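A.B. asks: Sending over my_file23.csv (CSV, C-alpha atoms).
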```csv
chain,number,residue,atom,x,y,z
U,5,VAL,CA,-84.4,-67.0,-165.9
U,6,PRO,CA,-81.9,-69.6,-166.3
U,7,LEU,CA,-81.9,-71.5,-163.0
U,8,ILE,CA,-78.6,-72.6,-161.6
U,9,GLN,CA,-78.1,-75.4,-159.1
U,10,VAL,CA,-74.7,-76.0,-157.5
U,11,ASP,CA,-73.9,-79.2,-155.7
U,12,LEU,CA,-70.5,-79.2,-153.9
U,13,SER,CA,-68.7,-80.3,-150.8
U,14,ARG,CA,-69.6,-78.5,-147.6
U,15,LYS,CA,-66.0,-77.4,-147.2
U,16,LEU,CA,-65.9,-75.7,-150.6
U,17,PHE,CA,-69.4,-74.2,-150.0
U,18,GLU,CA,-68.1,-72.6,-146.7
U,19,ARG,CA,-64.9,-71.4,-148.3
U,20,ALA,CA,-66.4,-69.7,-151.3
U,21,HIS,CA,-70.2,-69.9,-152.0
U,22,ASP,CA,-70.6,-66.2,-152.6
U,23,ALA,CA,-67.6,-66.0,-154.9
U,24,ILE,CA,-68.8,-69.1,-156.8
U,25,GLY,CA,-72.3,-67.7,-157.2
U,26,ASP,CA,-70.8,-64.4,-158.4
U,27,ALA,CA,-68.5,-66.2,-160.9
U,28,ILE,CA,-71.3,-68.3,-162.4
U,29,HIS,CA,-73.6,-65.3,-162.6
U,30,ALA,CA,-71.0,-63.1,-164.3
U,31,ALA,CA,-70.3,-65.8,-166.9
U,32,GLN,CA,-74.0,-66.1,-167.5
U,33,ILE,CA,-74.4,-62.3,-168.1
U,34,GLU,CA,-71.4,-62.3,-170.4
U,35,ALA,CA,-72.1,-65.4,-172.5
U,36,LEU,CA,-75.8,-65.6,-172.5
U,37,GLY,CA,-76.6,-61.9,-172.5
U,38,ILE,CA,-79.1,-62.0,-169.7
U,39,PRO,CA,-80.0,-59.0,-167.6
U,40,ALA,CA,-77.7,-58.4,-164.6
U,41,ASP,CA,-80.5,-59.0,-162.1
U,42,ASP,CA,-81.7,-62.2,-163.6
U,43,ARG,CA,-80.2,-64.4,-160.9
U,44,PHE,CA,-81.6,-67.6,-159.4
U,45,GLN,CA,-79.1,-70.0,-157.8
U,46,VAL,CA,-79.6,-72.9,-155.4
U,47,PHE,CA,-76.6,-74.3,-153.5
U,48,HIS,CA,-76.6,-77.8,-152.0
U,49,PRO,CA,-73.6,-78.4,-149.7
U,50,HIS,CA,-72.8,-82.1,-149.4
U,51,ASP,CA,-71.3,-84.1,-146.6
U,52,ASP,CA,-69.1,-87.2,-146.9
U,53,GLY,CA,-70.4,-89.9,-149.2
U,54,GLU,CA,-73.0,-87.8,-150.9
U,55,LEU,CA,-70.9,-86.9,-154.0
U,56,LYS,CA,-69.7,-90.0,-155.7
U,57,PHE,CA,-67.6,-89.7,-158.8
U,58,ASP,CA,-64.7,-91.3,-160.6
U,59,ALA,CA,-61.6,-89.3,-160.0
U,60,LYS,CA,-60.1,-90.2,-163.4
U,61,TYR,CA,-62.9,-90.5,-165.9
U,62,ASN,CA,-61.9,-89.4,-169.4
U,63,ALA,CA,-58.3,-88.8,-168.3
U,64,VAL,CA,-59.3,-85.9,-166.0
U,65,ASP,CA,-57.8,-85.6,-162.6
U,66,ARG,CA,-60.8,-84.8,-160.3
U,67,ARG,CA,-60.4,-84.0,-156.6
U,68,ASP,CA,-63.3,-81.9,-155.3
U,69,LEU,CA,-66.2,-82.1,-157.7
U,70,ILE,CA,-68.4,-79.1,-158.2
U,71,LEU,CA,-71.6,-79.9,-160.1
U,72,ILE,CA,-73.4,-77.1,-161.9
U,73,ARG,CA,-76.9,-77.8,-163.3
U,74,VAL,CA,-78.6,-75.3,-165.5
U,75,ILE,CA,-82.2,-75.1,-166.6
U,76,ALA,CA,-82.6,-72.7,-169.5
U,77,VAL,CA,-85.0,-71.9,-172.3
U,78,HIS,CA,-84.1,-73.6,-175.5
U,79,MET,CA,-82.7,-70.7,-177.5
U,80,TYR,CA,-78.9,-70.7,-177.3
U,81,PRO,CA,-76.7,-71.9,-180.1
U,82,VAL,CA,-74.1,-74.5,-179.4
U,83,ALA,CA,-71.3,-72.0,-179.6
U,84,THR,CA,-73.0,-69.8,-177.0
U,85,LYS,CA,-73.4,-72.7,-174.6
U,86,ARG,CA,-69.7,-73.6,-175.0
U,87,ALA,CA,-68.7,-69.9,-174.4
U,88,PHE,CA,-70.8,-70.0,-171.2
U,89,PHE,CA,-69.2,-73.2,-170.0
U,90,GLU,CA,-65.7,-71.8,-170.7
U,91,GLY,CA,-66.7,-68.5,-169.0
U,92,VAL,CA,-67.8,-70.4,-165.9
U,93,VAL,CA,-64.6,-72.4,-165.8
U,94,ALA,CA,-62.4,-69.3,-166.3
U,95,ARG,CA,-64.1,-67.3,-163.6
U,96,LEU,CA,-64.1,-70.2,-161.1
U,97,SER,CA,-60.4,-70.6,-161.6
U,98,SER,CA,-59.9,-67.2,-160.0
U,99,VAL,CA,-61.7,-68.7,-156.9
U,100,ASP,CA,-59.1,-71.5,-157.0
U,101,ILE,CA,-61.5,-74.0,-158.4
U,102,ARG,CA,-59.7,-76.3,-160.8
U,103,ARG,CA,-61.2,-76.8,-164.4
U,104,GLU,CA,-60.9,-80.5,-163.9
U,105,ASP,CA,-63.3,-80.4,-160.9
U,106,VAL,CA,-66.1,-78.7,-162.8
U,107,LEU,CA,-69.1,-80.7,-164.2
U,108,ILE,CA,-71.8,-78.8,-166.0
U,109,ALA,CA,-75.1,-80.3,-167.2
U,110,LEU,CA,-77.7,-78.1,-169.0
U,111,THR,CA,-81.3,-79.1,-169.7
U,112,GLU,CA,-83.7,-77.0,-171.7
U,113,ASN,CA,-87.3,-76.1,-171.6
U,114,ALA,CA,-89.6,-73.5,-173.2
U,115,PHE,CA,-90.7,-69.9,-172.3
U,116,GLU,CA,-94.1,-71.2,-171.2
U,117,ASP,CA,-92.5,-73.5,-168.7
U,118,TRP,CA,-91.6,-70.7,-166.3
U,119,PHE,CA,-93.4,-68.7,-163.7
U,120,ALA,CA,-91.3,-66.0,-162.0
U,121,GLY,CA,-93.4,-64.1,-159.6
U,122,ARG,CA,-96.0,-62.6,-162.0
S,2,VAL,CA,-96.3,-89.0,-162.1
S,3,PRO,CA,-95.3,-85.4,-162.3
S,4,LEU,CA,-92.5,-85.1,-159.8
S,5,ILE,CA,-92.3,-82.0,-157.7
S,6,GLN,CA,-89.2,-80.6,-156.0
S,7,VAL,CA,-89.5,-77.6,-153.7
S,8,ASP,CA,-86.5,-75.6,-152.5
S,9,LEU,CA,-87.2,-73.1,-149.8
S,10,SER,CA,-85.8,-71.5,-146.7
S,11,ARG,CA,-85.7,-73.8,-143.6
S,12,LYS,CA,-87.9,-71.3,-141.8
S,13,LEU,CA,-90.6,-71.5,-144.4
S,14,PHE,CA,-90.2,-75.3,-144.5
S,15,GLU,CA,-90.7,-75.6,-140.8
S,16,ARG,CA,-93.7,-73.2,-140.8
S,17,ALA,CA,-95.7,-74.8,-143.6
S,18,HIS,CA,-94.2,-77.8,-145.5
S,19,ASP,CA,-97.3,-79.9,-145.2
S,20,ALA,CA,-99.6,-77.0,-146.3
S,21,ILE,CA,-97.3,-76.2,-149.2
S,22,GLY,CA,-97.2,-79.8,-150.3
S,23,ASP,CA,-101.0,-80.0,-150.1
S,24,ALA,CA,-101.4,-76.7,-152.0
S,25,ILE,CA,-99.2,-77.8,-154.9
S,26,HIS,CA,-100.8,-81.2,-155.0
S,27,ALA,CA,-104.4,-79.7,-155.1
S,28,ALA,CA,-103.4,-77.4,-157.9
S,29,GLN,CA,-101.9,-80.3,-159.8
S,30,ILE,CA,-105.1,-82.4,-159.5
S,31,GLU,CA,-107.2,-79.5,-160.5
S,32,ALA,CA,-105.3,-78.2,-163.5
S,33,LEU,CA,-103.5,-81.3,-164.8
S,34,GLY,CA,-106.3,-83.7,-164.1
S,35,ILE,CA,-104.1,-86.3,-162.5
S,36,PRO,CA,-105.3,-88.9,-160.0
S,37,ALA,CA,-105.6,-87.7,-156.4
S,38,ASP,CA,-103.1,-90.3,-155.2
S,39,ASP,CA,-100.4,-89.5,-157.8
S,40,ARG,CA,-98.2,-87.5,-155.4
S,41,PHE,CA,-94.4,-87.4,-155.4
S,42,GLN,CA,-92.8,-84.4,-153.8
S,43,VAL,CA,-89.3,-83.7,-152.5
S,44,PHE,CA,-88.6,-80.8,-150.2
S,45,HIS,CA,-85.1,-79.3,-149.8
S,46,PRO,CA,-85.0,-76.8,-146.9
S,47,HIS,CA,-82.1,-74.4,-147.2
S,48,ASP,CA,-79.9,-72.6,-144.7
S,49,ASP,CA,-78.4,-69.1,-145.1
S,50,GLY,CA,-76.5,-68.5,-148.3
S,51,GLU,CA,-77.9,-71.4,-150.2
S,52,LEU,CA,-80.7,-69.6,-152.1
S,53,LYS,CA,-79.2,-66.7,-154.0
S,54,PHE,CA,-81.6,-64.6,-156.1
S,55,ASP,CA,-82.2,-61.1,-157.1
S,56,ALA,CA,-84.9,-59.4,-155.0
S,57,LYS,CA,-86.0,-57.1,-157.8
S,58,TYR,CA,-85.6,-59.0,-161.2
S,59,ASN,CA,-88.3,-58.1,-163.7
S,60,ALA,CA,-89.8,-55.5,-161.3
S,61,VAL,CA,-90.9,-58.2,-158.8
S,62,ASP,CA,-90.4,-57.7,-155.1
S,63,ARG,CA,-89.0,-61.0,-153.8
S,64,ARG,CA,-88.4,-61.7,-150.2
S,65,ASP,CA,-88.4,-65.4,-149.4
S,66,LEU,CA,-88.0,-67.4,-152.6
S,67,ILE,CA,-89.8,-70.7,-153.0
S,68,LEU,CA,-88.6,-72.6,-156.0
S,69,ILE,CA,-90.8,-75.3,-157.4
S,70,ARG,CA,-89.4,-77.6,-160.1
S,71,VAL,CA,-91.7,-80.0,-161.9
S,72,ILE,CA,-90.8,-82.9,-164.2
S,73,ALA,CA,-93.8,-84.0,-166.2
S,74,VAL,CA,-94.5,-86.0,-169.3
S,75,HIS,CA,-94.7,-83.8,-172.4
S,76,MET,CA,-98.5,-83.7,-173.0
S,77,TYR,CA,-99.9,-80.5,-171.5
S,78,PRO,CA,-100.9,-77.5,-173.7
S,79,VAL,CA,-99.5,-74.1,-172.8
S,80,ALA,CA,-102.9,-73.0,-171.3
S,81,THR,CA,-102.9,-76.0,-169.0
S,82,LYS,CA,-99.4,-75.2,-167.7
S,83,ARG,CA,-100.4,-71.6,-167.1
S,84,ALA,CA,-103.6,-72.7,-165.3
S,85,PHE,CA,-101.4,-75.0,-163.1
S,86,PHE,CA,-99.0,-72.3,-162.3
S,87,GLU,CA,-101.8,-69.9,-161.4
S,88,GLY,CA,-103.4,-72.6,-159.3
S,89,VAL,CA,-100.2,-73.1,-157.4
S,90,VAL,CA,-99.8,-69.4,-156.7
S,91,ALA,CA,-103.5,-69.0,-155.7
S,92,ARG,CA,-103.4,-71.9,-153.3
S,93,LEU,CA,-100.0,-70.9,-151.8
S,94,SER,CA,-101.4,-67.4,-151.1
S,95,SER,CA,-103.7,-69.1,-148.6
S,96,VAL,CA,-100.6,-70.3,-146.8
S,97,ASP,CA,-99.4,-66.7,-146.7
S,98,ILE,CA,-96.8,-67.2,-149.5
S,99,ARG,CA,-96.6,-64.2,-151.7
S,100,ARG,CA,-97.1,-64.6,-155.5
S,101,GLU,CA,-93.9,-62.6,-156.0
S,102,ASP,CA,-91.9,-65.2,-154.0
S,103,VAL,CA,-92.8,-68.1,-156.3
S,104,LEU,CA,-90.5,-69.4,-159.0
S,105,ILE,CA,-91.6,-72.4,-161.1
S,106,ALA,CA,-89.6,-74.3,-163.7
S,107,LEU,CA,-91.1,-77.2,-165.6
S,108,THR,CA,-89.1,-79.7,-167.6
S,109,GLU,CA,-90.6,-82.4,-169.7
S,110,ASN,CA,-89.8,-86.0,-170.6
S,111,ALA,CA,-91.7,-88.9,-172.1
S,112,PHE,CA,-93.8,-91.8,-170.8
S,113,GLU,CA,-91.0,-94.2,-171.3
S,114,ASP,CA,-88.7,-92.1,-169.0
S,115,TRP,CA,-90.5,-93.2,-165.8
S,116,PHE,CA,-90.4,-96.2,-163.6
S,117,ALA,CA,-92.8,-96.0,-160.6
S,118,GLY,CA,-92.6,-99.1,-158.7
S,119,ARG,CA,-93.7,-101.6,-161.2
Q,10,VAL,CA,-71.8,-88.8,-168.4
Q,11,PRO,CA,-75.2,-89.7,-167.4
Q,12,LEU,CA,-75.7,-87.8,-164.1
Q,13,ILE,CA,-77.5,-89.6,-161.3
Q,14,GLN,CA,-79.3,-87.9,-158.3
Q,15,VAL,CA,-80.6,-90.1,-155.5
Q,16,ASP,CA,-83.1,-88.7,-153.0
Q,17,LEU,CA,-83.8,-91.0,-150.1
Q,18,SER,CA,-84.5,-91.2,-146.4
Q,19,ARG,CA,-81.5,-90.5,-144.2
Q,20,LYS,CA,-81.9,-93.9,-142.6
Q,21,LEU,CA,-81.6,-95.6,-145.9
Q,22,PHE,CA,-78.7,-93.4,-146.9
Q,23,GLU,CA,-76.8,-94.3,-143.8
Q,24,ARG,CA,-77.6,-98.0,-144.1
Q,25,ALA,CA,-76.5,-98.4,-147.7
Q,26,HIS,CA,-75.4,-95.4,-149.7
Q,27,ASP,CA,-72.3,-97.1,-151.1
Q,28,ALA,CA,-74.1,-100.2,-152.1
Q,29,ILE,CA,-76.9,-98.2,-153.7
Q,30,GLY,CA,-74.4,-96.1,-155.7
Q,31,ASP,CA,-72.6,-99.3,-156.8
Q,32,ALA,CA,-75.9,-101.0,-157.8
Q,33,ILE,CA,-77.1,-98.1,-159.9
Q,34,HIS,CA,-73.7,-97.7,-161.5
Q,35,ALA,CA,-73.4,-101.4,-162.4
Q,36,ALA,CA,-76.9,-101.3,-164.0
Q,37,GLN,CA,-75.8,-98.3,-166.0
Q,38,ILE,CA,-72.6,-99.9,-167.3
Q,39,GLU,CA,-74.6,-103.0,-168.2
Q,40,ALA,CA,-77.6,-101.5,-169.8
Q,41,LEU,CA,-76.3,-98.3,-171.3
Q,42,GLY,CA,-72.9,-99.5,-172.2
Q,43,ILE,CA,-71.0,-96.6,-170.7
Q,44,PRO,CA,-67.4,-96.8,-169.6
Q,45,ALA,CA,-66.9,-98.3,-166.1
Q,46,ASP,CA,-65.3,-95.0,-164.8
Q,47,ASP,CA,-68.1,-92.7,-166.1
Q,48,ARG,CA,-69.6,-92.2,-162.7
Q,49,PHE,CA,-71.3,-89.1,-161.3
Q,50,GLN,CA,-73.8,-89.5,-158.5
Q,51,VAL,CA,-75.2,-87.0,-156.1
Q,52,PHE,CA,-77.1,-88.3,-153.0
Q,53,HIS,CA,-79.5,-86.2,-151.0
Q,54,PRO,CA,-80.5,-87.8,-147.7
Q,55,HIS,CA,-83.8,-86.5,-146.4
Q,56,ASP,CA,-85.2,-86.0,-142.9
Q,57,ASP,CA,-88.9,-86.4,-141.9
Q,58,GLY,CA,-91.4,-84.5,-143.9
Q,59,GLU,CA,-89.2,-83.9,-146.9
Q,60,LEU,CA,-90.2,-86.8,-149.0
Q,61,LYS,CA,-94.0,-86.8,-149.5
Q,62,PHE,CA,-95.6,-89.5,-151.6
Q,63,ASP,CA,-98.7,-91.5,-151.8
Q,64,ALA,CA,-98.1,-95.0,-150.4
Q,65,LYS,CA,-100.6,-96.6,-152.7
Q,66,TYR,CA,-100.6,-94.8,-156.1
Q,67,ASN,CA,-101.2,-97.1,-159.0
Q,68,ALA,CA,-101.8,-100.1,-156.7
Q,69,VAL,CA,-98.1,-100.1,-155.5
Q,70,ASP,CA,-97.3,-100.6,-151.8
Q,71,ARG,CA,-94.7,-97.9,-151.2
Q,72,ARG,CA,-92.9,-97.7,-147.8
Q,73,ASP,CA,-89.5,-96.0,-148.1
Q,74,LEU,CA,-89.3,-94.1,-151.3
Q,75,ILE,CA,-86.0,-93.9,-153.2
Q,76,LEU,CA,-86.1,-91.4,-156.0
Q,77,ILE,CA,-83.5,-91.7,-158.8
Q,78,ARG,CA,-83.2,-88.9,-161.3
Q,79,VAL,CA,-81.1,-89.3,-164.4
Q,80,ILE,CA,-79.9,-86.7,-166.8
Q,81,ALA,CA,-78.6,-88.4,-170.0
Q,82,VAL,CA,-77.9,-87.5,-173.6
Q,83,HIS,CA,-80.8,-88.3,-175.9
Q,84,MET,CA,-79.6,-91.4,-177.6
Q,85,TYR,CA,-81.0,-94.5,-175.9
Q,86,PRO,CA,-83.9,-96.4,-177.5
Q,87,VAL,CA,-87.0,-97.1,-175.3
Q,88,ALA,CA,-86.0,-100.7,-174.8
Q,89,THR,CA,-82.6,-99.7,-173.5
Q,90,LYS,CA,-84.1,-97.3,-171.0
Q,91,ARG,CA,-86.4,-100.1,-169.8
Q,92,ALA,CA,-83.5,-102.5,-169.5
Q,93,PHE,CA,-81.7,-99.9,-167.4
Q,94,PHE,CA,-84.6,-99.3,-165.1
Q,95,GLU,CA,-85.1,-103.1,-164.6
Q,96,GLY,CA,-81.4,-103.5,-164.0
Q,97,VAL,CA,-81.5,-100.8,-161.3
Q,98,VAL,CA,-84.4,-102.4,-159.6
Q,99,ALA,CA,-82.9,-105.9,-159.8
Q,100,ARG,CA,-79.6,-104.8,-158.3
Q,101,LEU,CA,-81.2,-102.7,-155.6
Q,102,SER,CA,-83.2,-105.7,-154.5
Q,103,SER,CA,-80.0,-107.3,-153.5
Q,104,VAL,CA,-79.5,-104.3,-151.1
Q,105,ASP,CA,-83.0,-105.1,-149.7
Q,106,ILE,CA,-84.6,-102.2,-151.5
Q,107,ARG,CA,-88.1,-103.1,-152.6
Q,108,ARG,CA,-89.1,-102.7,-156.3
Q,109,GLU,CA,-92.2,-100.9,-155.1
Q,110,ASP,CA,-90.1,-98.2,-153.4
Q,111,VAL,CA,-88.2,-97.2,-156.5
Q,112,LEU,CA,-89.2,-94.1,-158.5
Q,113,ILE,CA,-87.0,-93.3,-161.5
Q,114,ALA,CA,-87.3,-90.2,-163.7
Q,115,LEU,CA,-85.0,-89.6,-166.7
Q,116,THR,CA,-84.6,-86.3,-168.6
Q,117,GLU,CA,-82.6,-85.9,-171.7
Q,118,ASN,CA,-80.3,-83.3,-173.1
Q,119,ALA,CA,-77.7,-83.2,-175.9
Q,120,PHE,CA,-73.9,-83.8,-176.2
Q,121,GLU,CA,-73.3,-80.1,-176.3
Q,122,ASP,CA,-75.0,-79.6,-173.0
Q,123,TRP,CA,-72.2,-81.1,-170.9
Q,124,PHE,CA,-68.9,-79.9,-169.7
Q,125,ALA,CA,-66.9,-82.6,-167.8
Q,126,GLY,CA,-63.6,-81.2,-166.8
Q,127,ARG,CA,-62.1,-80.4,-170.1
```
Mind converting the file's structure to structure tokens?
C.D. replies:
Amino acid sequence: VPLIQVDLSRKLFERAHDAIGDAIHAAQIEALGIPADDRFQVFHPHDDGELKFDAKYNAVDRRDLILIRVIAVHMYPVATKRAFFEGVVARLSSVDIRREDVLIALTENAFEDWFAGR
Amino acid sequence: VPLIQVDLSRKLFERAHDAIGDAIHAAQIEALGIPADDRFQVFHPHDDGELKFDAKYNAVDRRDLILIRVIAVHMYPVATKRAFFEGVVARLSSVDIRREDVLIALTENAFEDWFAGR
Amino acid sequence: VPLIQVDLSRKLFERAHDAIGDAIHAAQIEALGIPADDRFQVFHPHDDGELKFDAKYNAVDRRDLILIRVIAVHMYPVATKRAFFEGVVARLSSVDIRREDVLIALTENAFEDWFAGR
């Protein structure tokens, strides 16, 4: 049960929320090796003024930020996390989301920190 | 100051947000032993398409997901966390929320990671 | 890339979201020593019933809660975190936000837990 939260503009949400969800989920299955039905995603569409970011930080040309937060059990090596991030970015590009617009933040917890319906 | 965030369908929010908040808070007081007035809860009602989850993952029959995220200081033994999760589920069942529909994710920080008004 | 999420009443959001964002960002630059253009903030305005809190917990007189969540790399000493919190509170007071109404929760991750556009 990695948990995914996606914050994005309402315009982008309306254009592509299903494709975005599918893209992130496919990257997760591929890179993290989770079961195909282990999917929990929360989308937060945002109106004007709610997403504030610098359009140029670290020499990246940002236009329409999509923020992806992940809570996952502490168990993945650094290389696996990187492969996951790159997988997300690659698959989002096929939904016409630019690499530069992606921000991912992962936080970790432990197995005992989850309850998933039983 | 554990902090509680609840993401749920707008329909469920409108039907029972106060009862849900009370149920989670009562479980917290009972299982975690916090003061009765240590209550901080944020609800996010969601419209169609915003909560994406697999209805069958891990052989659980999910219908109307309620996601409860907790940020708490790292101090509770595993058994205490489990008792808290079970307490939440038990009390939510009296609000007609099915055990199968509950997803809880806890993340931890430290005492120095909080500011609560003074 | 510390990531800031602000949950607040819709009324407060409409009155001052830009000033609040600027205040938190200025405190971050000052206390944490981050680059001036390292800004990523997500605001969630809330309607009635969505923010539930005890108005008196720990002998603090709360009226209009503003919740600030921070995800940051684990690297700041306790004194630096405290200085950041105090900086946020001081700067928000010039936007007429009362110290008592501020709740801050910080959680930490690692350098490898971020992807920021490249």
A.B. asks: Find the distance between CA of Phe47 in chain U and CA of Val99 in chain U and write it in Å to one decimal.
C.D. replies: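 Rounded to one decimal, the two atoms are 16.3 Å apart.
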A.B. asks: If chain Q is superposed onto chain U by least squares using every Cα atom in order, what is the RMSD, in Å to one decimal?
C.D. replies: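 Computed on C-alpha atoms only, the RMSD stands at 0.1 Å.
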A.B. asks: Could you tell me which residues of chain S sit within 8 Å of chain U when counting all atoms listed in the file, and give me the result as an MDAnalysis selection string?
C.D. replies: chainID S and resid 8 50:55 57:59 61 63 79 82:83 86 100:109
A.B. asks: Please indicate the distance in Å from CA of Ala28 in chain S to CA of Leu13 in chain S, rounded to one decimal place.
C.D. replies: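 Between CA of Ala28 in chain S and CA of Leu13 in chain S the gap works out to 19.5 Å.
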A.B. asks: Which value, in Å to one decimal, gives the distance between CA of Arg19 in chain U and CA of Arg70 in chain S?
C.D. replies: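 Between CA of Arg19 in chain U and CA of Arg70 in chain S the gap works out to 27.9 Å.
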A.B. asks: Just the residues within 9 Å of Gln37 in chain Q, please, counting only C-alpha atoms, with nothing from its chain fewer than 4 positions along; format it as an MDAnalysis selection string.
C.D. replies: chainID Q and resid 11 32:33 41:43 45 93:94 96:97
